[in-house]
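Asks: Pasting in a structure now, in structure tokens, and then I'll have a few things to ask.
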Amino acid sequence: MDKTLNNKAWFLVLPVLVLVAFSAILPLMTVVNYAFNDTFGQNEFFWAGIDWFEEMVTSDRLHEALGRQILFSVIILAIEVPLGIFIALNMPKKGFWASFCLVLMALPLLIPFNVVGTIWQIFGRVDIGLLGHTLAAMGIDYNYTNDPIDAWITVIVMDVWHWTSLVALLCYAGLQSIPQAYYQAAKIDQATRWSVFRYIELPKMKGVLLIAVLLRFMDSFMIYTEPFVVTGGGPGNSTTFLSIDLAKMATGQFDLGPAAAFSIMYFLVILLISWVFYTVMTNLDREENR
Amino acid sequence: MRIRSSAIVMTVYLLFLLIPIYWLINMSLKTNTEITSTFSVWPQTFTLQNYVTILTDPSWYMGYVNSLIYVTMNVVISLTVALPAAYAFSRYNFMGDKHLFFWLLTNRMAPPAVFALPFFQLYSSVGLFDTHIAIALAHCLFNVPLAVWILEGFMRGVPKEIDETAYIDGYSFPKFFIRIFMPLIASGIGVAAFFCFMFSWVELLLSRTLATVNAKSIAATMTRTVSASGMDWGVLAAAGVLTIVPGALVIYFVRNYIAKGFALGRV
Amino acid sequence: MSRITLSKLAHSYLANPTSDADFALKEMDHVWQDGGAYALLGASGCGKTTLLNIISGLVRPSQGRVLFGDTDVTDAATTERNIAQVFQFPVVYDTMTVRDNLAFPLRNRGMDAAYIAKRVGQIAQMIGMEDILSKKARGLTADAKQKISLGRGMVREDVNAILFDEPLTVIDPHMKWELRTQLKQLHREFGHTMIYVTHDQTEALTFAQKVVVMHEGRVVQMGTPEELFETPAHTFVGYFIGSPGMNLLDAEIAGSEARLQGVSVSLGAAYGPTTGRTQIGIRPDYVTVSDQGLPVTVRRVEDVGRHRIVRAEFAGQPLNAILPEGMTLPADPRVAFAAGKINVYANDWRIAPMGA
């Protein structure tokens, strides 16, 4: 749609600006203030320059958390995106069963994050959880509170459980927009199942997949509550992701300076990666239009 | 053949989704003694005591009330400011519109952990700490950008001619917006409200940081179930089940819009 | 290529149809000749798309058989029938180039590259898209996309039939002419059996050698445009074809005369005894307005350029006549019918004169 140029539109955007400024810019300024100063409390600040940043950039603790975070996000995307597409392709197209699946699939998305954590914390426990108990009964040595590998598996399965439906529902919405004639034409053209997917379904899902990948990347990169409830970041530091580490630093140890510096870098990293994702995908889109 | 294989896939997937939830419900109907002493797939000594505990103890049920209050406030605030903004983005070009839109979206990408502490200090200094409005405003950080984004997608689907016809017919902007335009994008508003509800309802970190007593959310309440006699699993499970209920209700009401809604009106 | 036979074919979308009304297609027996150009004409919801989908195999009929040549294909899948179909809205593979789009049906059938290249070249020339073969299909206009769909339908030489489901709906009026002319030319060149579904009589009459008129799930007539015009087999055909449609007047038939409200009119041929509601049908083109014949009340006169249409009434029933240019309407208008052009209908179906 062609839009008209109208700078009065700013008045319509003003409420959002004021609100977001209050809830985003002011706090960010506080963060910046902490990041460049040292304090002994009571609002006394000493200029610390980029000391905190230096400390953070060179800190092994941060490197490890970042490494774990990237690994986690990559695994999550590698499982949830293909699985979500697969589920979307298998969903009933219409009628009672379609709404039935939609409602049940949306359910995990509306469970508070900490309850998701609680559910899996209980579910995985060897003494009282169905999963842990069953695995133990099968002779598999599984204990997410002691074994880092088990802890990782639990956290990943939990995230898959929690969020795959989002990817699936987005893809499903994309698939729904394909007119029946496309499938009929493909039949007549003797297209294989793979061709139908590759040339009809995938192109139609691309827009929503972009949204899905972006959302899943951002949210998995910021994940805090669920692993915190299940593993508390442990055993050891094995499931301490960036947000958990940050919260430990800021609200646990009150290392405000380093935490603030950490925050800023964290935010910038997310922005950078999201921006790269976004540009790469929109560019691909534009090239195809040429 | 294809229908059968996809039915199997869906059954397996839905079981995977539902079994952990079932386990939670199962545990919420057991006594603590049964939970810790015997292992059973359904309650041997069926009890509603855990639910009674929650619904009679103000420190528990006020958690729900508080959560519902700030979630509702958040939905109202988010939609009120997002509607005109989304209209502006969908209809007009103005100085810096593209940058502003991207900047709004970046707020959706901000990790709540980054904002937790500054929020705490900001709201403490203006005397809003431990109030519902503080949490509602804090959640606007990620809900307003999302609401603008969703609504903009739906509004783009409404032909511009409708606006022009209304102005020719002598409608003023506010009258046109409320009487004609909002009914047209009613499903979009519903979807945006759904997402705002969802993200505000499920969030823990900010709501826990910003409230201690008066506005304490149910999510935060649940983190304190360790009593003298050890973990109170039954009550914890029952509290968990009760947090799923509002979400399930909301899903049930919007079930016909879910598919379109999740595509954010952009397919 | 082969003849298409529909034998005792009927279809209902309900699981257990009970009455006649439950059937979207009522029982029919028809043979579609090899290499013919047919148009399926009818109002929306008359069952023409259902019939087309049965022929293409997208819908399995609830009764009867479909034969291609001598082979029973009723239970054969679309792919096995070797037909091509062009849909109402363009279906193109957006991410492919125009060339790949055209080559897609051939590649899926494992044709060799040299043949594909040659064939795609021919088709591209035909639809006038040689210049943009390497362009992605996505950015093209609806017109161009529909041309690609047409081209993809045409690219295979060995198809049993090409089916068109109102293919020109999205095309601009001036392009419609061009594409329809191209289709006719293609038909002459390659001799494919073509079945063209439309609700537009001009489209049907100009495209097809034979027009199949459908009404309420039934094929009411299958004939050349001339037959449809001169001897409509059903009152619906008379009404649907022509502008304005055929005049229908209640009458009693006695031998070679019809009695209308006490006035007798010569039919030009003798008819046997009739039962049920009898009507005579006469095209407005064969009604002359002068000061002789049946008295009518003129309601309105419409000037449509080359001639004028007189909207009149005879004994409470509407009656239209064509008034050629230069003729004037008499003060006491009366109408006369060209005797050999009158058709007789009993319960909406035409009856043939004796000895015919």
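In the structure tokens, chains take letters A, B, ... by order of appearance, with residues numbered from 1 within each chain and ligands from 1 in the order shown.
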Please, which residues of region 26-266 of chain C, numbered as in this document, come out strand (DSSP E) from DSSP, as a PyMOL selection string?
Replies: chain C and resi 26-32+37-41+63-68+71-72+83-86+161-165+194-198+210-215+218-223+247-250+252-254+257-260+263-266
Asks: At a cut-off of 7 Å, which residues of chain A touch chain B? Count only C-alpha atoms and give the answer as an mmCIF file with N, CA and C atoms, in the first residue's frame.
Replies:
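Dumped to iface-v7.cif:
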```cif
data_model
loop_
_atom_site.group_PDB
_atom_site.id
_atom_site.type_symbol
_atom_site.label_atom_id
_atom_site.label_comp_id
_atom_site.auth_asym_id
_atom_site.auth_seq_id
_atom_site.Cartn_x
_atom_site.Cartn_y
_atom_site.Cartn_z
ATOM 1 N N LYS A 3 1.751 4.869 1.069
ATOM 2 C CA LYS A 3 1.339 5.669 2.217
ATOM 3 C C LYS A 3 1.557 7.136 1.908
ATOM 4 N N THR A 4 0.807 7.976 2.597
ATOM 5 C CA THR A 4 1.007 9.396 2.398
ATOM 6 C C THR A 4 1.998 9.910 3.416
ATOM 7 N N LEU A 5 2.707 10.957 3.009
ATOM 8 C CA LEU A 5 3.647 11.567 3.935
ATOM 9 C C LEU A 5 2.874 12.482 4.864
ATOM 10 N N ASN A 6 3.009 12.264 6.141
ATOM 11 C CA ASN A 6 2.259 13.079 7.079
ATOM 12 C C ASN A 6 2.978 13.079 8.412
ATOM 13 N N ASN A 7 3.660 14.199 8.705
ATOM 14 C CA ASN A 7 4.440 14.233 9.936
ATOM 15 C C ASN A 7 3.573 14.388 11.172
ATOM 16 N N ALA A 9 1.516 12.345 11.944
ATOM 17 C CA ALA A 9 1.392 10.981 12.438
ATOM 18 C C ALA A 9 2.216 10.789 13.707
ATOM 19 N N LEU A 12 0.296 10.438 16.798
ATOM 20 C CA LEU A 12 -0.308 9.135 17.081
ATOM 21 C C LEU A 12 0.707 8.192 17.728
ATOM 22 N N VAL A 13 1.986 8.418 17.423
ATOM 23 C CA VAL A 13 3.030 7.545 17.932
ATOM 24 C C VAL A 13 3.513 8.027 19.301
ATOM 25 N N PRO A 15 2.213 8.582 22.339
ATOM 26 C CA PRO A 15 1.988 7.814 23.576
ATOM 27 C C PRO A 15 2.937 6.629 23.709
ATOM 28 N N VAL A 16 3.150 5.933 22.598
ATOM 29 C CA VAL A 16 4.068 4.802 22.634
ATOM 30 C C VAL A 16 5.461 5.278 23.006
ATOM 31 N N VAL A 20 7.426 3.927 26.199
ATOM 32 C CA VAL A 20 8.617 3.121 26.010
ATOM 33 C C VAL A 20 9.845 3.855 26.551
ATOM 34 N N SER A 23 9.798 3.163 30.155
ATOM 35 C CA SER A 23 10.102 1.798 30.573
ATOM 36 C C SER A 23 11.343 1.217 29.913
ATOM 37 N N ALA A 24 11.932 1.923 28.975
ATOM 38 C CA ALA A 24 13.128 1.365 28.356
ATOM 39 C C ALA A 24 14.332 2.297 28.455
ATOM 40 N N PRO A 27 15.611 3.181 32.313
ATOM 41 C CA PRO A 27 16.380 2.088 32.908
ATOM 42 C C PRO A 27 17.715 1.859 32.193
ATOM 43 N N THR A 30 20.240 4.162 33.438
ATOM 44 C CA THR A 30 20.751 3.711 34.728
ATOM 45 C C THR A 30 21.834 2.664 34.520
ATOM 46 N N VAL A 31 21.542 1.735 33.612
ATOM 47 C CA VAL A 31 22.503 0.677 33.349
ATOM 48 C C VAL A 31 23.817 1.266 32.859
ATOM 49 N N ASN A 90 1.744 -32.204 9.384
ATOM 50 C CA ASN A 90 0.912 -33.340 9.748
ATOM 51 C C ASN A 90 -0.389 -32.965 10.438
ATOM 52 N N MET A 91 -0.566 -31.666 10.684
ATOM 53 C CA MET A 91 -1.782 -31.258 11.396
ATOM 54 C C MET A 91 -3.006 -31.393 10.502
ATOM 55 N N SER A 99 -9.152 -27.751 15.317
ATOM 56 C CA SER A 99 -9.226 -26.886 16.504
ATOM 57 C C SER A 99 -8.760 -27.630 17.745
ATOM 58 N N VAL A 103 -5.839 -26.075 20.048
ATOM 59 C CA VAL A 103 -6.025 -25.710 21.450
ATOM 60 C C VAL A 103 -5.000 -26.423 22.327
ATOM 61 N N LEU A 107 -1.534 -24.815 24.480
ATOM 62 C CA LEU A 107 -1.548 -24.875 25.935
ATOM 63 C C LEU A 107 -0.186 -24.615 26.597
ATOM 64 N N LEU A 110 0.957 -20.959 27.174
ATOM 65 C CA LEU A 110 0.337 -20.049 28.139
ATOM 66 C C LEU A 110 0.563 -20.469 29.573
ATOM 67 N N ILE A 111 1.513 -21.348 29.773
ATOM 68 C CA ILE A 111 1.844 -21.729 31.129
ATOM 69 C C ILE A 111 2.995 -20.837 31.593
ATOM 70 N N PRO A 112 2.845 -20.206 32.755
ATOM 71 C CA PRO A 112 3.921 -19.351 33.240
ATOM 72 C C PRO A 112 5.270 -20.091 33.217
ATOM 73 N N PHE A 113 6.313 -19.343 32.863
ATOM 74 C CA PHE A 113 7.626 -19.957 32.680
ATOM 75 C C PHE A 113 8.054 -20.780 33.897
ATOM 76 N N ASN A 114 7.793 -20.226 35.087
ATOM 77 C CA ASN A 114 8.262 -20.963 36.259
ATOM 78 C C ASN A 114 7.466 -22.249 36.470
ATOM 79 N N VAL A 115 6.187 -22.241 36.037
ATOM 80 C CA VAL A 115 5.398 -23.466 36.157
ATOM 81 C C VAL A 115 5.910 -24.502 35.163
ATOM 82 N N ILE A 119 6.906 -28.070 36.299
ATOM 83 C CA ILE A 119 6.390 -29.299 35.695
ATOM 84 C C ILE A 119 7.531 -30.248 35.373
ATOM 85 N N PHE A 123 8.550 -33.751 36.825
ATOM 86 C CA PHE A 123 8.458 -34.829 35.848
ATOM 87 C C PHE A 123 9.772 -35.607 35.747
ATOM 88 N N ILE A 128 9.824 -38.987 42.315
ATOM 89 C CA ILE A 128 8.386 -38.757 42.172
ATOM 90 C C ILE A 128 7.949 -38.453 40.740
ATOM 91 N N TRP A 161 9.515 -29.002 24.376
ATOM 92 C CA TRP A 161 8.131 -29.201 24.825
ATOM 93 C C TRP A 161 7.387 -27.870 24.868
ATOM 94 N N LEU A 169 2.640 -23.734 15.004
ATOM 95 C CA LEU A 169 1.433 -22.939 14.753
ATOM 96 C C LEU A 169 1.697 -21.857 13.719
ATOM 97 N N LEU A 170 2.874 -21.249 13.780
ATOM 98 C CA LEU A 170 3.222 -20.241 12.771
ATOM 99 C C LEU A 170 3.249 -20.868 11.383
ATOM 100 N N TYR A 172 1.812 -23.590 10.431
ATOM 101 C CA TYR A 172 0.462 -24.025 10.103
ATOM 102 C C TYR A 172 -0.322 -22.867 9.496
ATOM 103 N N ALA A 173 -0.166 -21.676 10.114
ATOM 104 C CA ALA A 173 -0.846 -20.499 9.583
ATOM 105 C C ALA A 173 -0.383 -20.227 8.150
ATOM 106 N N GLY A 174 0.918 -20.396 7.904
ATOM 107 C CA GLY A 174 1.436 -20.210 6.554
ATOM 108 C C GLY A 174 0.831 -21.210 5.587
ATOM 109 N N SER A 177 -2.697 -20.652 4.228
ATOM 110 C CA SER A 177 -2.932 -19.622 3.225
ATOM 111 C C SER A 177 -2.698 -20.143 1.810
ATOM 112 N N VAL A 208 6.554 -16.585 7.719
ATOM 113 C CA VAL A 208 6.295 -16.918 9.108
ATOM 114 C C VAL A 208 7.490 -17.626 9.737
ATOM 115 N N MET A 218 15.669 -15.169 19.814
ATOM 116 C CA MET A 218 15.734 -14.145 20.857
ATOM 117 C C MET A 218 15.366 -14.729 22.212
ATOM 118 N N MET A 222 17.621 -15.436 25.665
ATOM 119 C CA MET A 222 17.339 -14.716 26.908
ATOM 120 C C MET A 222 16.809 -15.651 27.981
ATOM 121 N N THR A 225 14.002 -18.229 33.311
ATOM 122 C CA THR A 225 13.189 -18.829 34.364
ATOM 123 C C THR A 225 13.205 -20.349 34.374
ATOM 124 N N SER A 243 21.495 -15.127 31.015
ATOM 125 C CA SER A 243 20.576 -14.402 31.899
ATOM 126 C C SER A 243 20.715 -14.856 33.347
ATOM 127 N N LEU A 246 23.776 -13.343 34.727
ATOM 128 C CA LEU A 246 23.576 -11.917 34.950
ATOM 129 C C LEU A 246 22.767 -11.669 36.223
ATOM 130 N N ALA A 247 21.687 -12.437 36.383
ATOM 131 C CA ALA A 247 20.846 -12.246 37.560
ATOM 132 C C ALA A 247 21.616 -12.586 38.827
ATOM 133 N N SER A 263 25.297 -6.405 30.990
ATOM 134 C CA SER A 263 23.975 -6.167 30.403
ATOM 135 C C SER A 263 24.082 -5.508 29.046
ATOM 136 N N PHE A 267 22.872 -7.137 25.563
ATOM 137 C CA PHE A 267 21.854 -6.515 24.733
ATOM 138 C C PHE A 267 22.396 -6.288 23.324
ATOM 139 N N LEU A 271 21.032 -7.759 19.797
ATOM 140 C CA LEU A 271 20.650 -6.855 18.723
ATOM 141 C C LEU A 271 21.413 -7.173 17.453
#
```
Asks: What residues in chain C have any atom no more than 9 Å from chain A when counting only C-alpha atoms, and can you write them as a ChimeraX atom specification?
Replies: /C:56,58,77-96,104-106,108-109,135-139,152-153
Asks: Using backbone DSSP assignments, extract all helix (DSSP H, G or I) residues from region 78-205 of chain C; output them as a VMD selection string.
Replies: chain C and resid 78 to 81 98 to 108 113 to 126 130 to 132 142 to 154 173 to 190 201 to 205
Asks: So which residues touch Met158 (chain A) within 12 Å, counting only C-alpha atoms, skipping near sequence neighbours fewer than 5 positions away, as a PyMOL selection string?
Replies: (chain A and resi 76+80+108+113-124+131+151-153+163-164+220+223+225-227+229-231) or (chain B and resi 16-17+20)
Asks: Give the answer as one residue: which of A:His63, A:Gly129, A:Leu19, A:Leu14 has the shortest atom-to-atom distance to Phe262 (chain A), using only C-alpha atoms?
Replies: A:His63
Asks: Applying 10 Å and only C-alpha atoms, which residues near region 199-207 of chain C remain after dropping the ones on its own chain fewer than 3 positions away? List them as a PyMOL selection string.
Replies: chain C and resi 37-44+46+48+166+168+176-177+180-181+183-184+187+194+196+210-214+224-226+228+240-243
Asks: Do a neighbour search on Ala259 (chain A) at 8 Å with only C-alpha atoms, toss out local chain neighbours closer than 2 positions, and write the hits as a list in words.
Replies: Ala35, Leu246, Met249, Ala250, Asp255, Leu256, Gly257, Ala261, Phe262 and Ser263 of chain A
Asks: Tell me which protein, DNA and RNA residues are within 12 Å of region 119-130 of chain C, counting only C-alpha atoms, leaving out same-chain ones fewer than 4 positions away, and put them as a VMD selection string.
Replies: chain C and resid 97 to 107 111 to 115 134 to 135 137 140 143 to 157 175 178 to 183 185 to 186 189
Asks: With N, CA and C atoms kept, could you save the residues just selected as a short mmCIF file (atom, residue, chain, number, x, y, z; two decimals), in the first residue's frame?
Replies:
```cif
data_model
loop_
_atom_site.label_atom_id
_atom_site.label_comp_id
_atom_site.auth_asym_id
_atom_site.auth_seq_id
_atom_site.Cartn_x
_atom_site.Cartn_y
_atom_site.Cartn_z
N THR C 97 11.89 -19.94 -11.84
CA THR C 97 11.85 -19.02 -12.97
C THR C 97 10.71 -19.43 -13.88
N VAL C 98 10.38 -18.55 -14.83
CA VAL C 98 9.34 -18.87 -15.79
C VAL C 98 9.71 -20.16 -16.53
N ARG C 99 10.97 -20.29 -16.88
CA ARG C 99 11.42 -21.48 -17.62
C ARG C 99 11.19 -22.76 -16.80
N ASP C 100 11.61 -22.70 -15.53
CA ASP C 100 11.45 -23.89 -14.69
C ASP C 100 9.98 -24.23 -14.49
N ASN C 101 9.16 -23.19 -14.39
CA ASN C 101 7.73 -23.41 -14.26
C ASN C 101 7.19 -24.20 -15.44
N LEU C 102 7.58 -23.76 -16.64
CA LEU C 102 7.07 -24.42 -17.84
C LEU C 102 7.62 -25.83 -17.96
N ALA C 103 8.86 -26.01 -17.51
CA ALA C 103 9.51 -27.32 -17.68
C ALA C 103 9.08 -28.32 -16.60
N PHE C 104 8.49 -27.79 -15.51
CA PHE C 104 8.21 -28.64 -14.33
C PHE C 104 7.43 -29.92 -14.65
N PRO C 105 6.30 -29.84 -15.36
CA PRO C 105 5.55 -31.08 -15.62
C PRO C 105 6.36 -32.08 -16.45
N LEU C 106 7.21 -31.57 -17.34
CA LEU C 106 8.02 -32.47 -18.18
C LEU C 106 9.13 -33.11 -17.36
N ARG C 107 9.80 -32.30 -16.52
CA ARG C 107 10.89 -32.85 -15.70
C ARG C 107 10.37 -33.93 -14.77
N MET C 111 11.43 -36.48 -18.83
CA MET C 111 11.77 -36.26 -20.24
C MET C 111 13.23 -35.82 -20.35
N ASP C 112 13.83 -36.00 -21.54
CA ASP C 112 15.25 -35.61 -21.63
C ASP C 112 15.39 -34.11 -21.87
N ALA C 113 16.53 -33.60 -21.44
CA ALA C 113 16.74 -32.16 -21.36
C ALA C 113 16.56 -31.45 -22.69
N ALA C 114 17.04 -32.08 -23.76
CA ALA C 114 16.96 -31.43 -25.06
C ALA C 114 15.50 -31.24 -25.48
N TYR C 115 14.71 -32.27 -25.25
CA TYR C 115 13.29 -32.19 -25.60
C TYR C 115 12.61 -31.10 -24.78
N SER C 134 14.00 -16.27 -17.86
CA SER C 134 14.89 -16.46 -16.71
C SER C 134 14.45 -15.67 -15.49
N LYS C 135 13.33 -14.96 -15.60
CA LYS C 135 12.84 -14.20 -14.48
C LYS C 135 12.12 -15.10 -13.48
N ALA C 137 9.07 -16.16 -11.23
CA ALA C 137 7.64 -15.99 -11.49
C ALA C 137 7.00 -15.04 -10.49
N LEU C 140 5.72 -11.24 -11.20
CA LEU C 140 4.93 -10.97 -12.40
C LEU C 140 3.49 -10.57 -12.07
N ASP C 143 -1.93 -11.34 -14.92
CA ASP C 143 -2.05 -11.74 -16.33
C ASP C 143 -0.94 -12.70 -16.72
N ALA C 144 0.29 -12.25 -16.43
CA ALA C 144 1.45 -13.03 -16.85
C ALA C 144 1.47 -14.38 -16.14
N LYS C 145 1.10 -14.37 -14.86
CA LYS C 145 1.10 -15.64 -14.12
C LYS C 145 0.09 -16.60 -14.73
N GLN C 146 -1.09 -16.07 -15.09
CA GLN C 146 -2.10 -16.95 -15.67
C GLN C 146 -1.63 -17.47 -17.02
N LYS C 147 -0.86 -16.66 -17.74
CA LYS C 147 -0.31 -17.14 -19.01
C LYS C 147 0.65 -18.30 -18.76
N ILE C 148 1.44 -18.19 -17.67
CA ILE C 148 2.33 -19.29 -17.34
C ILE C 148 1.53 -20.54 -17.02
N SER C 149 0.43 -20.35 -16.26
CA SER C 149 -0.41 -21.51 -15.94
C SER C 149 -0.94 -22.15 -17.22
N LEU C 150 -1.38 -21.31 -18.16
CA LEU C 150 -1.87 -21.83 -19.44
C LEU C 150 -0.74 -22.58 -20.15
N GLY C 151 0.44 -21.97 -20.14
CA GLY C 151 1.59 -22.58 -20.80
C GLY C 151 1.93 -23.92 -20.17
N ARG C 152 1.86 -23.99 -18.82
CA ARG C 152 2.18 -25.26 -18.15
C ARG C 152 1.16 -26.32 -18.51
N GLY C 153 -0.10 -25.88 -18.73
CA GLY C 153 -1.12 -26.83 -19.13
C GLY C 153 -0.88 -27.36 -20.53
N MET C 154 -0.26 -26.53 -21.34
CA MET C 154 -0.10 -26.87 -22.75
C MET C 154 1.19 -27.60 -23.05
N VAL C 155 2.12 -27.62 -22.11
CA VAL C 155 3.49 -28.01 -22.44
C VAL C 155 3.61 -29.49 -22.79
N ARG C 156 2.74 -30.33 -22.22
CA ARG C 156 2.83 -31.75 -22.54
C ARG C 156 2.02 -32.05 -23.79
N GLU C 157 2.66 -32.76 -24.75
CA GLU C 157 1.99 -33.00 -26.02
C GLU C 157 1.04 -34.17 -25.97
N MET C 175 -7.14 -8.39 -22.73
CA MET C 175 -6.26 -9.57 -22.79
C MET C 175 -7.09 -10.84 -22.98
N GLU C 178 -7.38 -11.72 -26.53
CA GLU C 178 -6.13 -12.19 -27.09
C GLU C 178 -5.87 -13.64 -26.67
N LEU C 179 -6.05 -13.90 -25.36
CA LEU C 179 -5.75 -15.25 -24.87
C LEU C 179 -6.73 -16.28 -25.44
N ARG C 180 -7.99 -15.89 -25.57
CA ARG C 180 -8.97 -16.82 -26.08
C ARG C 180 -8.66 -17.17 -27.53
N THR C 181 -8.25 -16.14 -28.29
CA THR C 181 -7.87 -16.38 -29.67
C THR C 181 -6.68 -17.33 -29.72
N GLN C 182 -5.72 -17.10 -28.81
CA GLN C 182 -4.54 -17.98 -28.77
C GLN C 182 -4.95 -19.42 -28.46
N LEU C 183 -5.87 -19.57 -27.52
CA LEU C 183 -6.32 -20.91 -27.16
C LEU C 183 -6.94 -21.62 -28.36
N GLN C 185 -6.39 -21.05 -31.44
CA GLN C 185 -5.33 -21.34 -32.40
C GLN C 185 -4.56 -22.59 -31.98
N LEU C 186 -4.28 -22.66 -30.67
CA LEU C 186 -3.57 -23.83 -30.15
C LEU C 186 -4.38 -25.09 -30.39
N GLU C 189 -3.96 -26.10 -33.88
CA GLU C 189 -2.62 -26.59 -34.17
C GLU C 189 -2.38 -27.99 -33.62
#
```
Asks: Can you measure CA of Arg216 (chain A) to CA of Leu146 (chain B) for me? One decimal in Å is fine.
Replies: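 CA of Leu146 (chain B) lies at a distance of 14.5 Å from CA of Arg216 (chain A).
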Asks: Fewer than 2 positions away in the same chain doesn't count, so skip those; otherwise give me all residues within 7 Å of Leu151 (chain B), counting only C-alpha atoms, as a count of residues only.
Replies: 11
Asks: One number please: CA of Ser67 (chain B) to CA of Gly234 (chain B), in Å, one decimal.
Replies: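 A separation of 21.5 Å between them.
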